[in-house]
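Worksheet: one structure, shown below.
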Amino acid sequence: MSVSVSIENVSKTFGVPGTEFVAIKQADAQIQPGEFVSILGPSGCGKSTLLDMVAGLATPSRGTVSIHGQPVTGPDERMAMVFQQMSLLPWRTIQANVEFGLEVRGVGEAQRRRTAREMIDLVGLNGFEEKYPSQLSGGMNQRVAIARALALDPEILLMDEPFGALDEQTRRIMGIELLRIWDKSGKTIVFVTHSISEAIQLSDRILLMSSRPSTIREIIDVPLARPRSIEDLSSETARDIELRVWKVLLEETGAK
Amino acid sequence: MLQFRVSPNLLSILLIQAAALVAAALAMNALGGIFPFLPGPTHIVEEGAQLLIRPEILQDFGVTLLEASFGLLIAAGIGISLGLVIGSSAALVSFANPLILALYSVPKIVFLPILMLIFGTGMGPKIANAAVHAAFPILLNTLVATRDTTVRHEKLGQSLCMTRLQFATKILLPGIVPPVFGAIRLGVGLSFMGALLAELFQSEAGVGHLVHDLYNSGNIAGMLAIILAVLVIIVSLNGIMAAVENRFSRWREI
Amino acid sequence: MATTGSLLAGHRAFPRNSKRSQKLGQLIFVVGFFLILELLVRSGILNRLIIAEPSRVLLRLWQDLFTQELWTAFLVTFWEVGVALVMSLLVGLVGGGLLYHYSTVRKALQPVLVGFYSAPAILLYPVFMTLLGPNSLMIITMATIMGAVPISVNLAIGFGGIDPILLKLGRSLNLRGPRLMGKILIPAATPVLFAGFRMGLTFALIAVIGLEFLTYSGGLGRLISWRYSIFDSEGVYAAIAIVCCLAMAVNYALGVMERRIVNRF
């Protein structure tokens, strides 16, 4: 099988020459089709910038990001994004929010409606179609955001700290839901997070970034069986991974 | 090492301002071609240079400045004290707010005849009109800020067993400074507007009267020069107030 | 500047609607105010040449309602305000979009624009009078200019306040130009648009009534200054009351519309 997302020698600098700073320096990674990969790193290390470059929302200063061997030059129909928080359009109902991406891409109304219903059903929000985002909890809103992205039927789902604003319990439960949906749909997921336990709970592999100028310092396999139970997540393997990640993070941030 | 560098942003802002000035001058020139009575930019500048050194003209500016300042002072006094009183009680706010908002939407110029009936002629009605124009935003902003600050920090005050006086001096007053100051800045322009409107209608003295006079004597260039001078005065007053505001409310997000 | 925006936004945090008992209280307060005024004038404490008794004003108002004079003036003002409002909104929308897009230009011009709409603009009326004559066209033109400037500045600030994540969403779906405007920018800015609408109305009213008042060119503003000039003080008060009612009614209608649309989400 061909590589789904390929990040080759990617660097990103910001600012004008003379006062520029290097956000990302020579990042390299390969993501396989159907894989669940997390990008984890110290805060401010450019995780979201890296994801934006994959999404075609930012251009690398050097190096290339490619999807199935074709370089990314801009937002691409094979990818859909889920953002950090409150990215729903507050003036649209849940149904209309889920339809939004399809509407923009010019899908007909009947088809749109049907797909949106399916997706709302998939994320477990039956009966909330006519509500507005402000009437739903934060967790439910993020389900809608996921449904909106899935409705586009992308090959690759890019998620930028989608559960970052949720409390720990809701976050866990959303993770379980996401894995269920991922399992059903077989999509490739690139997931940015700053939570170590979330990365372990969800991913096949963790891309661990260093602090600025960031690079991908380590790629850590998470060899836990799926579906992952609470026991699996507190097993020795899981704890070893957590320890390893923590050591790197502490080293990177200069803490002892 | 100390280094001075003009940031590219500031530079482009200055460039755009210069370009806008040139564009305005060119536009005046072009308009002068269509409407022959409109003077060209150089003519306006010349006329302005001649007018703005004459003592009687400066006196007119003094009159308007005085009226606007007194008006603003009265507006601030009434607006802030009334706003503090009403804003300190939730019940009073929900009682008074709809009434204030209703009055707020009325163009204040309609009250000018009443003010002229009450205060007669001279500076009185101009000061009053300036005050009426400037008072509402100050009152509303004080009221909203007082209520906001009280609600937000009430529990903190209680948990520290603060007295009402302590709460007022340590939390409430510092908390409402930025929005109230902002409203006063808004009031500068409004009090000028009030004073000028009254002077235009009851033309006795001041810049409004001056503009009227220059227009009637056919000196359009002089009139435009005076209007530009008013614009410069208001923009500079605004700038000074904004600088003071930034100095005293650095903690506030912009 | 930010102040105007926050001032307008501030209103929304507070109830426009009050409970029934409160409405009654407000009514009693207003009626009581006028009753006391009536008593003060009748007892001679306040000069009746300066303050007309509310009862006489009310009577005059009632009589006015059957005169051609009042309705003609009312229609002229209403029409001028309406046209000026629509025009200044259209110009303001375009201007706001441009100032938002070229934010450096906005930063450069904002102080001058804000200074301009506060006072000097009205001083230009003799020029416009010469250009266009003392008629509705002159009033509408000036009112449009006076309204469009603050609306542009405030809309630009409002557009700038849109959550950047929504813009990112738009970009990730390849939305650009007019489609981005229609699908995201304008709906997201609806509350700001309404604030702009409200501002436009305020400025259109100020400009129209003020210019009618100053130039005697018809409408309710001219009615007030005409009655003032013939020392018809209760007539002045009656006309002022009508302007107040017009302003409050239009503002109230706008408020209801705003709540229907904005507060739904």
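Going through the structure tokens in order, the chains are called A, B, and so on, while each chain numbers its residues from 1 and the ligands are numbered from 1 in the order shown.
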
>> So that I can see what lies close to Asp52 in chain A, please list as a ChimeraX atom specification the residues with an atom at most 9 Å from it, counting only C-alpha atoms and leaving out residues fewer than 6 positions away in the same chain.
In response: /A:58-59,158,160

Same residues, N, CA and C atoms, output as a PDB file, in the first residue's frame:
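Full text of selection-v8.pdb as output:
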```
ATOM      1  N   ALA A  58      -1.228  26.087   5.284  1.00  0.00           N
ATOM      2  CA  ALA A  58       0.040  26.813   5.388  1.00  0.00           C
ATOM      3  C   ALA A  58       1.021  26.116   4.457  1.00  0.00           C
ATOM      4  N   THR A  59       1.947  26.865   3.914  1.00  0.00           N
ATOM      5  CA  THR A  59       2.925  26.263   3.003  1.00  0.00           C
ATOM      6  C   THR A  59       4.251  26.122   3.721  1.00  0.00           C
ATOM      7  N   LEU A 158      -8.189  15.376   9.638  1.00  0.00           N
ATOM      8  CA  LEU A 158      -7.175  16.109  10.385  1.00  0.00           C
ATOM      9  C   LEU A 158      -7.835  16.751  11.590  1.00  0.00           C
ATOM     10  N   ASP A 160      -7.379  18.995  15.056  1.00  0.00           N
ATOM     11  CA  ASP A 160      -6.484  19.904  15.771  1.00  0.00           C
ATOM     12  C   ASP A 160      -6.962  20.098  17.207  1.00  0.00           C
TER      13      ASP A 160
END
```

> If we count only C-alpha atoms, which residues of chain A reach to within 12 Å of chain B? Please list them as a PyMOL selection string.
Replying inline: chain A and resi 15-16+19

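As for CA of Thr170 in chain A and CA of Lys247 in chain A, they are spaced 27.0 Å apart.
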
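If you look at CA of Leu173 in chain C and CA of Val123 in chain A, they are 21.4 Å away from each other.
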
> Excluding same-chain residues fewer than 4 positions from range 227-239 of chain B, what lies within 9 Å of it counting only C-alpha atoms, as number ranges by chain?
Replying inline: B: 48, 52, 61, 185-186, 188-189, 192, 207, 211, 222-223, 243-244; C: 111-116, 118-121, 123-124

>> For a quick test of understanding: name the residues of chain A lying within 10 Å of chain C when counting only C-alpha atoms, and present them as a PyMOL selection string.
In response: chain A and resi 52+55-57+74-77+79-93+100-105+131-135

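Distances here use only C-alpha atoms; by that measure, the residue among C:Leu98, C:Ile50, C:Met142, C:Leu246 closest to chain B is C:Ile50.
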
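Among C:Phe128, C:Phe66, C:Tyr228, C:Phe194, the residue with the shortest atom-to-atom distance to chain B, counting only C-alpha atoms, is C:Tyr228.
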
> What separation in Å, quoted to one decimal, exists between CA of Ile151 in chain C and CA of Gly196 in chain C?
Replying inline: 5.3 Å

> Out of range 24-178 of chain A, which residues get strand (DSSP E) from DSSP, as an MDAnalysis selection string?
Replying inline: chainID A and resid 24:31 36:40 62:67 70:71 79:82 156:160
